[in-house]
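Text of query.txt (compact mmCIF, C-alpha atoms) as supplied:
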# COMPACT_ATOMS: atom_id res chain seq x y z
CA MET A 17 120.54 113.05 40.08
CA ASN A 18 121.92 109.75 41.14
CA LEU A 19 123.66 109.65 44.49
CA ARG A 20 124.94 106.24 45.48
CA LEU A 21 125.91 105.64 49.09
CA GLU A 22 127.29 102.18 49.69
CA ARG A 23 128.68 100.45 52.77
CA ILE A 24 128.93 103.71 54.66
CA VAL A 25 130.51 103.34 58.10
CA LEU A 26 131.40 106.48 60.01
CA PRO A 27 132.03 106.14 63.75
CA LEU A 28 130.23 108.78 65.80
CA ALA A 29 130.40 109.35 69.55
CA ASP A 30 127.81 106.76 70.63
CA PHE A 31 127.09 104.69 67.53
CA PRO A 32 128.32 104.47 63.97
CA LEU A 33 126.56 105.98 60.99
CA GLU A 34 125.82 102.94 58.82
CA LEU A 35 123.84 103.07 55.65
CA ASP A 36 123.34 101.99 52.08
CA ALA A 37 121.09 104.09 49.91
CA THR A 38 120.57 105.40 46.43
CA ILE A 39 119.00 108.82 46.22
CA THR A 40 117.48 109.90 42.94
CA SER A 41 114.85 112.46 43.90
CA GLN A 42 115.44 116.10 43.18
CA VAL A 43 114.71 117.10 46.74
CA THR A 44 115.21 114.57 49.51
CA ALA A 45 114.51 115.27 53.15
CA ILE A 46 116.64 113.58 55.77
CA CYS A 47 114.66 113.56 58.99
CA GLY A 48 115.34 112.27 62.45
CA PRO A 49 115.81 113.33 66.04
CA SER A 50 118.81 115.42 66.97
CA GLY A 51 121.93 113.33 67.38
CA ALA A 52 120.78 110.81 64.78
CA GLY A 53 123.80 111.53 62.59
CA LYS A 54 122.16 113.83 60.06
CA THR A 55 124.82 116.54 60.10
CA SER A 56 127.57 113.91 60.10
CA LEU A 57 126.07 112.49 56.92
CA LEU A 58 126.19 115.90 55.25
CA ASP A 59 129.78 116.44 56.44
CA LEU A 60 130.67 113.07 54.97
CA LEU A 61 129.13 113.96 51.60
CA ALA A 62 130.89 117.34 51.57
CA GLY A 63 134.21 115.59 52.18
CA LEU A 64 134.75 117.17 55.59
CA ARG A 65 134.94 113.84 57.41
CA ARG A 66 136.75 110.66 56.56
CA PRO A 67 134.65 107.51 56.91
CA ARG A 68 135.98 104.16 58.04
CA SER A 69 134.36 102.68 54.99
CA ALA A 70 132.37 104.23 52.14
CA PHE A 71 131.67 104.32 48.46
CA ILE A 72 130.05 107.59 47.41
CA GLN A 73 129.23 108.35 43.81
CA LEU A 74 127.44 111.45 42.54
CA ASP A 75 126.23 110.89 38.99
CA ASP A 76 129.38 109.71 37.17
CA ARG A 77 131.91 110.97 39.74
CA VAL A 78 133.26 108.77 42.51
CA LEU A 79 133.81 111.12 45.47
CA THR A 80 134.89 108.65 48.11
CA ASP A 81 135.98 105.06 47.80
CA THR A 82 137.79 103.69 50.80
CA ALA A 83 138.53 100.46 48.91
CA THR A 84 140.81 102.34 46.50
CA GLY A 85 141.73 105.16 48.88
CA ARG A 86 139.97 107.75 46.75
CA GLN A 87 138.85 110.83 48.68
CA VAL A 88 138.08 113.92 46.63
CA PRO A 89 138.80 116.96 48.86
CA PRO A 90 135.89 119.32 49.69
CA GLN A 91 137.20 121.96 47.27
CA GLY A 92 136.98 119.51 44.37
CA ARG A 93 133.48 118.14 45.00
CA ARG A 94 131.24 120.91 43.69
CA ILE A 95 128.82 120.28 46.51
CA GLY A 96 127.26 123.38 48.04
CA TYR A 97 126.84 123.21 51.79
CA VAL A 98 124.75 125.52 53.93
CA PRO A 99 125.38 124.51 57.54
CA GLN A 100 122.98 125.19 60.35
CA ASP A 101 124.90 128.21 61.62
CA LEU A 102 125.27 129.38 57.98
CA ALA A 103 129.01 130.09 58.45
CA LEU A 104 128.93 133.45 56.71
CA PHE A 105 132.38 135.05 56.83
CA PRO A 106 131.98 137.80 59.44
CA HIS A 107 134.93 139.83 58.17
CA LEU A 108 133.66 140.10 54.59
CA SER A 109 130.84 142.13 53.04
CA VAL A 110 127.79 140.39 51.58
CA ARG A 111 129.22 140.77 48.09
CA ARG A 112 132.59 139.28 49.02
CA ASN A 113 130.85 136.42 50.82
CA LEU A 114 128.80 135.74 47.71
CA LEU A 115 131.76 135.89 45.36
CA TYR A 116 134.01 133.73 47.57
CA GLY A 117 133.37 130.55 45.61
CA HIS A 118 132.20 132.14 42.36
CA GLN A 119 134.40 131.13 39.46
CA PRO A 120 134.08 131.39 35.70
CA GLY A 121 132.48 128.46 33.91
CA ASN A 122 129.47 126.17 34.28
CA GLY A 123 126.80 128.79 33.82
CA THR A 124 128.33 131.33 36.17
CA GLY A 125 129.05 133.82 33.38
CA GLU A 126 126.92 136.86 32.57
CA GLY A 127 123.34 135.87 31.79
CA GLY A 128 124.01 132.32 33.01
CA LEU A 129 121.86 130.35 35.42
CA PHE A 130 124.42 130.71 38.21
CA SER A 131 125.48 134.26 37.41
CA TYR A 132 125.71 136.79 40.22
CA ALA A 133 122.83 138.83 38.81
CA HIS A 134 120.50 135.86 38.41
CA VAL A 135 121.18 134.21 41.78
CA THR A 136 120.94 137.44 43.77
CA GLY A 137 117.82 138.32 41.77
CA VAL A 138 116.03 135.06 42.52
CA LEU A 139 116.85 135.36 46.21
CA GLU A 140 116.13 139.10 46.23
CA ILE A 141 119.38 140.15 47.85
CA GLN A 142 120.75 142.45 45.13
CA ALA A 143 120.52 145.45 47.42
CA LEU A 144 122.60 143.94 50.24
CA GLY A 145 125.92 143.93 48.36
CA ASP A 146 128.10 146.25 50.40
CA ARG A 147 126.67 145.61 53.83
CA GLY A 148 128.47 143.61 56.49
CA VAL A 149 126.93 140.21 57.10
CA THR A 150 126.71 140.77 60.85
CA HIS A 151 124.05 143.44 60.34
CA LEU A 152 121.66 141.32 58.31
CA SER A 153 118.34 139.95 59.57
CA GLY A 154 117.88 136.19 60.04
CA GLY A 155 116.03 135.78 56.75
CA GLU A 156 118.60 137.83 54.85
CA LYS A 157 121.49 135.80 56.27
CA GLN A 158 119.72 132.64 55.25
CA ARG A 159 119.32 133.83 51.66
CA VAL A 160 122.91 135.09 51.46
CA ALA A 161 124.20 131.70 52.61
CA LEU A 162 122.02 129.96 50.02
CA ALA A 163 123.15 132.31 47.29
CA ARG A 164 126.81 131.86 48.21
CA ALA A 165 126.47 128.09 47.81
CA LEU A 166 124.52 128.43 44.54
CA LEU A 167 127.11 130.77 43.03
CA THR A 168 129.59 127.89 42.95
CA ALA A 169 127.26 126.18 40.44
CA PRO A 170 127.02 123.09 42.64
CA GLN A 171 125.91 119.67 41.46
CA LEU A 172 124.29 118.99 44.82
CA LEU A 173 123.11 121.29 47.59
CA LEU A 174 123.27 120.23 51.23
CA LEU A 175 121.03 122.18 53.59
CA ASP A 176 121.32 121.56 57.32
CA GLU A 177 118.18 122.61 59.24
CA PRO A 178 117.98 125.77 57.15
CA MET A 179 114.83 126.97 58.91
CA ALA A 180 115.54 125.77 62.44
CA ASN A 181 116.37 129.23 63.75
CA LEU A 182 113.52 131.06 62.04
CA ASP A 183 110.09 131.78 63.52
CA ARG A 184 106.92 130.49 61.90
CA ALA A 185 106.18 133.68 59.96
CA LEU A 186 109.68 133.82 58.57
CA LYS A 187 109.55 130.14 57.61
CA GLN A 188 106.49 130.89 55.49
CA ARG A 189 108.40 133.68 53.80
CA ILE A 190 111.57 131.65 53.19
CA LEU A 191 109.97 128.46 51.90
CA PRO A 192 109.06 129.94 48.50
CA TYR A 193 112.76 130.67 47.94
CA PHE A 194 113.60 126.99 48.38
CA ILE A 195 110.87 126.12 45.88
CA ARG A 196 112.31 128.67 43.45
CA ILE A 197 115.77 127.19 43.92
CA ARG A 198 114.38 123.75 43.16
CA ASP A 199 112.50 124.90 40.07
CA GLU A 200 114.83 127.55 38.65
CA PHE A 201 118.25 126.05 39.23
CA ARG A 202 117.31 122.38 39.18
CA VAL A 203 120.06 121.61 41.67
CA PRO A 204 119.38 118.39 43.60
CA ILE A 205 118.92 119.10 47.30
CA LEU A 206 119.46 117.07 50.44
CA TYR A 207 117.50 118.83 53.15
CA VAL A 208 118.18 117.88 56.75
CA THR A 209 115.47 118.66 59.27
CA HIS A 210 113.99 117.28 62.47
CA ASP A 211 110.54 118.45 61.40
CA PRO A 212 109.27 116.71 58.23
CA ASP A 213 106.11 118.88 58.15
CA GLU A 214 108.35 121.88 57.50
CA ILE A 215 109.13 120.78 53.98
CA ARG A 216 106.18 118.71 52.81
CA PRO A 217 105.57 121.14 49.94
CA LEU A 218 109.21 120.89 48.88
CA CYS A 219 110.36 117.32 48.73
CA GLU A 220 109.53 114.08 47.02
CA GLU A 221 111.34 111.65 49.25
CA VAL A 222 111.96 111.40 52.98
CA LEU A 223 114.69 109.35 54.64
CA MET A 224 114.21 108.73 58.33
CA LEU A 225 117.51 108.49 60.17
CA GLU A 226 117.70 107.16 63.71
CA ARG A 227 120.86 106.33 65.63
CA GLY A 228 122.88 106.33 62.44
CA LYS A 229 120.60 104.07 60.41
CA ILE A 230 117.85 104.58 57.87
CA VAL A 231 114.73 103.25 59.58
CA GLN A 232 111.99 103.76 57.05
CA PRO A 233 112.10 105.35 53.66
CA ILE A 234 108.69 106.96 53.00
CA ARG A 235 107.54 108.41 49.73
CA MET B 29 170.40 162.65 75.11
CA SER B 30 173.91 161.91 73.90
CA ALA B 31 174.70 160.41 70.53
CA GLU B 32 175.65 157.19 72.25
CA GLU B 33 172.27 157.03 74.02
CA TRP B 34 170.44 157.60 70.75
CA ARG B 35 172.48 154.81 69.22
CA ILE B 36 171.47 152.46 72.04
CA VAL B 37 167.79 153.36 71.67
CA TRP B 38 167.90 152.92 67.91
CA PHE B 39 169.74 149.58 68.20
CA SER B 40 167.26 148.28 70.79
CA ALA B 41 164.25 149.27 68.70
CA TRP B 42 165.39 147.77 65.41
CA VAL B 43 166.89 144.60 66.85
CA SER B 44 163.64 143.98 68.77
CA ALA B 45 161.54 144.65 65.69
CA LEU B 46 163.78 142.46 63.52
CA SER B 47 163.69 139.57 65.97
CA THR B 48 159.87 139.82 66.07
CA LEU B 49 159.71 139.76 62.27
CA ILE B 50 162.09 136.81 62.05
CA ILE B 51 160.15 134.66 64.51
CA LEU B 52 156.83 135.61 62.88
CA PRO B 53 156.72 132.98 60.07
CA PRO B 54 157.83 129.99 62.20
CA GLY B 55 155.74 131.25 65.13
CA VAL B 56 152.56 131.54 63.07
CA ALA B 57 153.18 128.16 61.43
CA LEU B 58 153.74 126.44 64.77
CA ALA B 59 150.74 128.17 66.37
CA TRP B 60 148.56 126.96 63.50
CA LEU B 61 149.86 123.40 63.80
CA LEU B 62 149.18 123.43 67.54
CA ALA B 63 145.72 124.95 67.15
CA ARG B 64 144.43 122.92 64.23
CA HIS B 65 146.15 119.55 64.22
CA GLU B 66 146.83 116.57 66.43
CA TRP B 67 150.21 114.96 65.96
CA ARG B 68 152.69 112.76 67.78
CA GLY B 69 154.97 114.62 70.12
CA LYS B 70 152.73 117.69 70.13
CA SER B 71 152.76 118.10 73.91
CA LEU B 72 156.54 117.69 73.89
CA VAL B 73 156.96 120.48 71.35
CA GLU B 74 154.49 122.65 73.30
CA THR B 75 156.50 122.22 76.47
CA PHE B 76 159.81 122.78 74.73
CA VAL B 77 158.64 126.01 73.13
CA SER B 78 157.32 127.33 76.45
CA LEU B 79 160.55 126.61 78.32
CA PRO B 80 162.12 130.06 77.83
CA LEU B 81 159.01 131.54 79.43
CA VAL B 82 159.45 129.54 82.61
CA MET B 83 163.20 129.11 82.91
CA PRO B 84 165.39 131.87 84.32
CA PRO B 85 166.40 133.96 81.28
CA VAL B 86 170.02 133.65 82.36
CA ALA B 87 169.74 129.85 82.17
CA THR B 88 168.30 130.07 78.66
CA GLY B 89 171.12 132.47 77.85
CA LEU B 90 173.68 129.99 79.11
CA ILE B 91 172.26 127.24 76.90
CA LEU B 92 172.39 129.56 73.90
CA LEU B 93 175.93 130.59 74.80
CA LYS B 94 177.07 126.96 74.85
CA LEU B 95 175.27 126.15 71.61
CA LEU B 96 176.28 129.24 69.69
CA GLY B 97 179.82 129.83 71.00
CA ARG B 98 182.74 129.10 68.70
CA ARG B 99 183.26 125.77 70.42
CA GLY B 100 179.55 124.99 70.50
CA PRO B 101 177.89 122.68 67.94
CA ILE B 102 175.98 125.41 66.10
CA GLY B 103 178.36 128.31 66.65
CA GLY B 104 181.36 126.19 65.66
CA PHE B 105 179.69 125.10 62.44
CA LEU B 106 178.72 128.67 61.50
CA HIS B 107 182.22 129.92 62.28
CA ASP B 108 183.94 127.21 60.24
CA THR B 109 181.68 127.26 57.19
CA LEU B 110 180.48 130.86 56.93
CA ASN B 111 183.01 132.61 59.14
CA LEU B 112 180.01 133.90 61.08
CA ASP B 113 180.19 134.66 64.78
CA ILE B 114 177.04 134.89 66.88
CA VAL B 115 178.14 135.20 70.47
CA PHE B 116 179.12 138.73 71.63
CA THR B 117 177.84 140.32 68.40
CA TRP B 118 174.53 141.97 67.48
CA ARG B 119 173.48 138.62 66.01
CA GLY B 120 173.73 137.17 69.50
CA VAL B 121 171.34 139.85 70.74
CA LEU B 122 168.98 138.99 67.88
CA VAL B 123 169.01 135.27 68.72
CA ALA B 124 168.51 135.87 72.44
CA LEU B 125 165.56 138.20 71.84
CA GLY B 126 164.00 135.84 69.32
CA VAL B 127 164.24 132.79 71.56
CA MET B 128 162.91 134.65 74.59
CA SER B 129 159.90 136.17 72.82
CA PHE B 130 159.00 133.15 70.66
CA PRO B 131 156.75 131.47 73.29
CA LEU B 132 154.72 134.65 73.78
CA LEU B 133 154.09 134.99 70.06
CA VAL B 134 153.17 131.32 69.68
CA ARG B 135 150.83 131.33 72.67
CA SER B 136 148.76 134.35 71.70
CA THR B 137 148.64 133.39 68.05
CA ARG B 138 147.59 129.88 68.93
CA VAL B 139 144.70 131.14 71.06
CA ALA B 140 143.73 133.47 68.22
CA PHE B 141 143.64 130.55 65.75
CA GLU B 142 141.66 128.41 68.17
CA GLU B 143 139.02 131.11 68.44
CA VAL B 144 138.35 131.01 64.71
CA ASN B 145 135.29 128.82 64.12
CA PRO B 146 136.56 125.75 62.20
CA ARG B 147 133.18 125.58 60.47
CA LEU B 148 134.08 128.75 58.56
CA GLU B 149 137.24 127.10 57.26
CA GLN B 150 135.37 123.94 56.31
CA ILE B 151 132.68 125.83 54.43
CA ALA B 152 135.33 127.90 52.65
CA ARG B 153 136.73 124.61 51.36
CA THR B 154 133.33 123.45 50.12
CA LEU B 155 133.19 126.77 48.24
CA GLY B 156 136.25 125.62 46.31
CA ALA B 157 139.08 127.28 48.24
CA SER B 158 142.44 125.53 48.57
CA ASN B 159 143.92 125.08 52.04
CA ALA B 160 146.30 127.99 51.43
CA ARG B 161 143.48 130.27 50.32
CA VAL B 162 141.38 129.29 53.35
CA PHE B 163 144.28 130.18 55.61
CA LEU B 164 144.98 133.52 53.94
CA THR B 165 141.38 134.67 53.45
CA VAL B 166 139.57 133.21 56.47
CA THR B 167 141.85 131.98 59.27
CA LEU B 168 144.46 134.72 59.20
CA PRO B 169 142.13 137.74 58.91
CA LEU B 170 139.92 136.44 61.71
CA ALA B 171 142.94 135.75 63.93
CA LEU B 172 144.62 139.04 63.08
CA ARG B 173 143.78 140.79 66.33
CA GLY B 174 145.31 138.01 68.41
CA LEU B 175 148.28 137.80 66.07
CA MET B 176 148.96 141.53 66.38
CA GLY B 177 148.63 141.24 70.14
CA GLY B 178 151.18 138.43 70.06
CA MET B 179 153.56 140.52 67.98
CA ILE B 180 153.30 143.44 70.38
CA LEU B 181 153.93 141.11 73.32
CA ALA B 182 156.93 139.59 71.53
CA PHE B 183 158.30 143.03 70.67
CA ALA B 184 157.80 144.24 74.24
CA ARG B 185 159.46 141.12 75.61
CA ALA B 186 162.40 141.67 73.28
CA LEU B 187 162.71 145.31 74.26
CA GLY B 188 162.85 144.40 77.94
CA GLU B 189 165.04 141.31 77.61
CA PHE B 190 168.03 141.30 79.93
CA GLY B 191 169.20 137.93 81.26
CA ALA B 192 169.63 135.96 78.06
CA THR B 193 171.05 138.93 76.18
CA ILE B 194 173.79 139.62 78.68
CA MET B 195 174.84 135.95 78.62
CA VAL B 196 174.94 135.59 74.85
CA ALA B 197 175.99 139.05 73.78
CA GLY B 198 177.55 140.67 76.82
CA ASN B 199 177.19 144.40 77.13
CA ILE B 200 179.71 145.68 74.62
CA PRO B 201 179.37 149.46 74.23
CA GLY B 202 178.62 150.36 70.64
CA GLN B 203 177.97 146.76 69.66
CA THR B 204 175.57 144.84 71.84
CA SER B 205 174.43 147.41 74.35
CA THR B 206 170.62 147.50 74.52
CA LEU B 207 168.29 149.78 76.47
CA SER B 208 167.84 147.30 79.30
CA LEU B 209 171.57 146.63 79.58
CA ALA B 210 172.36 150.36 79.43
CA ILE B 211 169.84 151.22 82.16
CA TYR B 212 171.33 148.55 84.42
CA GLN B 213 174.84 149.75 83.71
CA SER B 214 173.96 153.40 84.40
CA VAL B 215 172.45 152.49 87.75
CA GLN B 216 175.49 150.38 88.60
CA LEU B 217 177.76 153.31 87.85
CA GLY B 218 175.57 155.65 89.93
CA GLN B 219 174.53 157.68 86.85
CA ASP B 220 170.88 157.88 87.83
CA THR B 221 169.97 160.77 85.52
CA ASP B 222 171.23 158.74 82.52
CA ALA B 223 169.20 155.78 83.71
CA PHE B 224 166.05 157.91 84.04
CA ARG B 225 166.49 159.34 80.54
CA LEU B 226 166.71 155.84 79.10
CA LEU B 227 163.78 154.78 81.26
CA GLY B 228 161.71 157.58 79.73
CA VAL B 229 162.63 156.38 76.26
CA SER B 230 161.61 152.82 77.18
CA VAL B 231 158.19 154.03 78.30
CA ALA B 232 157.77 156.07 75.13
CA LEU B 233 158.75 153.13 72.89
CA ALA B 234 156.35 150.78 74.67
CA PHE B 235 153.59 153.38 74.45
CA ILE B 236 154.11 153.92 70.72
CA ALA B 237 154.14 150.18 70.01
CA VAL B 238 150.90 149.43 71.86
CA TRP B 239 149.15 152.56 70.64
CA THR B 240 150.05 151.91 67.00
CA SER B 241 148.64 148.42 67.19
CA GLU B 242 145.41 149.72 68.75
CA ILE B 243 145.01 152.28 65.98
CA LEU B 244 145.72 149.71 63.27
CA LEU B 245 143.16 147.33 64.73
CA ARG B 246 140.56 150.05 65.06
CA ARG B 247 141.01 150.99 61.39
CA LYS B 248 140.77 147.35 60.44
CA ARG B 249 137.50 146.99 62.35
CA ARG B 250 136.05 150.14 60.84
CA ALA B 251 136.87 148.87 57.36
CA LEU B 252 134.63 145.84 57.91
For this file, write the structure as structure tokens.
Amino acid sequence: MNLRLERIVLPLADFPLELDATITSQVTAICGPSGAGKTSLLDLLAGLRRPRSAFIQLDDRVLTDTATGRQVPPQGRRIGYVPQDLALFPHLSVRRNLLYGHQPGNGTGEGGLFSYAHVTGVLEIQALGDRGVTHLSGGEKQRVALARALLTAPQLLLLDEPMANLDRALKQRILPYFIRIRDEFRVPILYVTHDPDEIRPLCEEVLMLERGKIVQPIR
Amino acid sequence: MSAEEWRIVWFSAWVSALSTLIILPPGVALAWLLARHEWRGKSLVETFVSLPLVMPPVATGLILLKLLGRRGPIGGFLHDTLNLDIVFTWRGVLVALGVMSFPLLVRSTRVAFEEVNPRLEQIARTLGASNARVFLTVTLPLALRGLMGGMILAFARALGEFGATIMVAGNIPGQTSTLSLAIYQSVQLGQDTDAFRLLGVSVALAFIAVWTSEILLRRKRRAL
């Protein structure tokens, strides 16, 4: 993956998010204290917020370029986003949640990498199909939200504090699923967390974000 | 009940239902705009829409009468081009009911839209859904309870409307006579038993409307 972020300026409540970075690792952690602008950065990448200035290119596709006025809408970005509160649709069953963004093409067909059977198999949620999402356990909700994003065959996966609401034991059980996602689907991941230790086994690169700026890239 | 009374009940019920259905699309659209967007003149539109709720219904009726009468700007135009009369016809009743119940529909629907977590709509878009699909598959279903409540309120308001209706449509027996107007007229004429019969029908209609919506919502919830 090659994600170019140039002259990013996005005003936040107290300070602007300002950064220039090129991200090439398969899994990159974005760490920093709460309020550092981590979620705003993900929103920006997903196309949910309009920056004052930005050039964002994912591989060969320019997603945002304020110089030319280009702003690909969220529905055209093919970026999977799992927000902190997961945003599962409470009025739909697990199956209908999963199939919400599932469309033919790009390996989503039968036997494909992003097929319903394969994704639900990897995340071990085949049996949940007809249940309502409100009755799932924390770990199950987490996996359903991940699967829903994967079923769109995304070119980039944004995860916002995916383990923040899970206890230690559950974290240990969920982590292997992230590793399987990394290895089986080979989707590049941006993983936002305030706790870098949480994902040491998972990621190659860590970006430290503080008050809207990258303070020290560590490898 | 006499045939005439049945006619009045039937007229009241369908004209109230029709006015609710007619204001539904613009009401939902406006509620959504108010709940989800910031635009110039928004507070002005909000205030304007709420006016019929706060003004004396008779005053609203007078405004409508002046606008829709044959010499009024709208009524004159409709009469000249389409040969359509509004004032003192069933269409006048329809307009009066629609205008009077519009703010109730908009208010409850707006609150219902505001209670839908915007994050759900945003994530639906990242899953590839167009704005229209997001509205139809996420926003609307999640706001349905509030929307139904708003429709019931609007229908109930229409059923009980008096002041604006009598200004715009009069109380023409067999043409514009509604339940509320007929009850008032019966009492005026000292025909209390007639008034009580119509009163009973009003209670029954209101009961059926609210009960039906409760049952529909309960089914909807169970289906989840």
Self-check item: Contact set, chain A to chain B: 7 Å, all atoms listed in the file, as a PyMOL selection string
Solution: chain A and resi 62+64+90-92+95-97+103+105+107-108+117+148+165+168
Self-check item: Who sits within 12 Å of B:Val229, only C-alpha atoms, same chain under 2 positions skipped, as an MDAnalysis selection string
Solution: chainID B and resid 29 33:34 36:38 40:41 187 207:208 210:211 222:227 231:236
Quiz item: Got a sec: who's within 9 Å of stretch 61-78 of chain B, counting all atoms listed in the file, leaving out chain neighbours fewer than 2 positions off, as a list in words?
Solution: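 Result of the neighbour search: Val56, Ala57, Leu58, Ala59, Pro80, Leu81, Val82, Met83, Val127, Phe130, Pro131, Leu132, Val134, Arg135, Thr137, Arg138, Val139, Ala140, Phe141, Glu142 and Pro146 of chain B.
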Quiz item: Which is closer to B:Ala186 than all the others in B:Val115, B:Leu122, B:Ile200, B:Leu244, using all atoms listed in the file?
Solution: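 Using all atoms listed in the file, B:Ala186 sits closest to B:Leu122.
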List as a short mmCIF file (atom, residue, chain, number, x, y, z; two decimals) with C-alpha atoms, in the frame of the given file: which residues have an atom within 8 Å of (119.9, 116.0, 51.1), counting only C-alpha atoms?
data_model
loop_
_atom_site.label_atom_id
_atom_site.label_comp_id
_atom_site.auth_asym_id
_atom_site.auth_seq_id
_atom_site.Cartn_x
_atom_site.Cartn_y
_atom_site.Cartn_z
CA VAL A 43 114.71 117.10 46.74
CA THR A 44 115.21 114.57 49.51
CA ALA A 45 114.51 115.27 53.15
CA ILE A 46 116.64 113.58 55.77
CA LEU A 58 126.19 115.90 55.25
CA LEU A 173 123.11 121.29 47.59
CA LEU A 174 123.27 120.23 51.23
CA LEU A 175 121.03 122.18 53.59
CA PRO A 204 119.38 118.39 43.60
CA ILE A 205 118.92 119.10 47.30
CA LEU A 206 119.46 117.07 50.44
CA TYR A 207 117.50 118.83 53.15
CA VAL A 208 118.18 117.88 56.75
#
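In this structure, atom CA of B:Leu245 sits 20.3 Å away from atom CA of B:Pro53.
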B:Leu96 surroundings by all atoms listed in the file, 8 Å radius, close-in-sequence under 5 positions cut, as an mmCIF file with C-alpha atoms, in the coordinates of the input:
data_model
loop_
_atom_site.group_PDB
_atom_site.id
_atom_site.type_symbol
_atom_site.label_atom_id
_atom_site.label_comp_id
_atom_site.auth_asym_id
_atom_site.auth_seq_id
_atom_site.Cartn_x
_atom_site.Cartn_y
_atom_site.Cartn_z
ATOM 1 C CA PRO B 101 177.890 122.680 67.940
ATOM 2 C CA ILE B 102 175.980 125.410 66.100
ATOM 3 C CA GLY B 103 178.360 128.310 66.650
ATOM 4 C CA GLY B 104 181.360 126.190 65.660
ATOM 5 C CA ILE B 114 177.040 134.890 66.880
ATOM 6 C CA VAL B 115 178.140 135.200 70.470
#
Could you name the residues that touch B:Gly100 at 12 Å or less, counting only C-alpha atoms, but leaving out those on the same chain fewer than 4 positions away, as a PDB file with C-alpha atoms, in the coordinates of the input?
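Final output, saved to out.pdb:
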ATOM      1  CA  LEU B  90     173.680 129.990  79.110  1.00  0.00           C
ATOM      2  CA  ILE B  91     172.260 127.240  76.900  1.00  0.00           C
ATOM      3  CA  LEU B  92     172.390 129.560  73.900  1.00  0.00           C
ATOM      4  CA  LEU B  93     175.930 130.590  74.800  1.00  0.00           C
ATOM      5  CA  LYS B  94     177.070 126.960  74.850  1.00  0.00           C
ATOM      6  CA  LEU B  95     175.270 126.150  71.610  1.00  0.00           C
ATOM      7  CA  LEU B  96     176.280 129.240  69.690  1.00  0.00           C
ATOM      8  CA  GLY B 104     181.360 126.190  65.660  1.00  0.00           C
ATOM      9  CA  PHE B 105     179.690 125.100  62.440  1.00  0.00           C
ATOM     10  CA  LEU B 106     178.720 128.670  61.500  1.00  0.00           C
ATOM     11  CA  HIS B 107     182.220 129.920  62.280  1.00  0.00           C
ATOM     12  CA  ASP B 108     183.940 127.210  60.240  1.00  0.00           C
ATOM     13  CA  ASP B 113     180.190 134.660  64.780  1.00  0.00           C
ATOM     14  CA  ILE B 114     177.040 134.890  66.880  1.00  0.00           C
ATOM     15  CA  VAL B 115     178.140 135.200  70.470  1.00  0.00           C
TER      16      VAL B 115
END
Quiz item: Looking at only C-alpha atoms, which of B:Gln219, B:Ser44, B:Gln213, B:Ser136 is the one that sits closest to B:Ala124?
Solution: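 Closest candidate: B:Ser44.
With atom CA of A:Leu26 on one side and atom CA of A:Leu74 on the other, the separation reads 18.6 Å.
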Practice problem: Figure out the distance between atom CA of A:Leu186 and atom CA of A:Leu218, please, to one decimal in Å. | Solution: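 We find that atom CA of A:Leu218 and atom CA of A:Leu186 lie 16.2 Å from each other.
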Quiz item: Which residue gives the smallest distance to A:Arg112 among A:Glu177, A:Glu126, A:Glu140, A:Asp146, with all atoms listed in the file counted?
Solution: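 Of A:Glu177, A:Glu126, A:Glu140, A:Asp146, the one nearest A:Arg112 is A:Asp146, counting all atoms listed in the file.
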Exercise. Write out as a ChimeraX atom specification the residues lying within 6 Å of A:Ser69, counting only C-alpha atoms and excluding same-chain residues fewer than 4 positions away.
Key: /A:24-25,82
Practice problem: Go through B:Ile194, B:Ile51, B:Gly97, B:Val121 and flag the residue nearest B:Phe39, using all atoms listed in the file for the distances. | Solution: B:Val121
Quick one: 4 Å padding each side, axis-aligned, all listed atoms of stretch 222-232 of chain B - centre and edge lengths in Å to one decimal, as JSON?
{"center_x": 164.5, "center_y": 156.1, "center_z": 79.6, "size_x": 21.5, "size_y": 14.5, "size_z": 16.9}
Quiz prompt | Nearest-residue call for A:Val78, choices A:Lys54, A:Arg189, A:Lys157, A:Arg20, using all atoms listed in the file | solution =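 Between A:Lys54, A:Arg189, A:Lys157, A:Arg20, the residue approaching A:Val78 most closely is A:Arg20.
Using all atoms listed in the file, the protein and nucleic acid residues lying at most 12 Å from the point (138.5, 105.1, 44.8) are Ser69, Ala70, Phe71, Ile72, Gln73, Arg77, Val78, Leu79, Thr80, Asp81, Thr82, Ala83, Thr84, Gly85, Arg86, Gln87 and Val88 of chain A.
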Quiz item: In terms of the shortest atom-to-atom distance over all atoms listed in the file, which of A:Val203, A:Asp211, A:Leu28, A:Gly155 is closest to A:Leu191?
Solution: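 The closest residue to A:Leu191 is A:Gly155.
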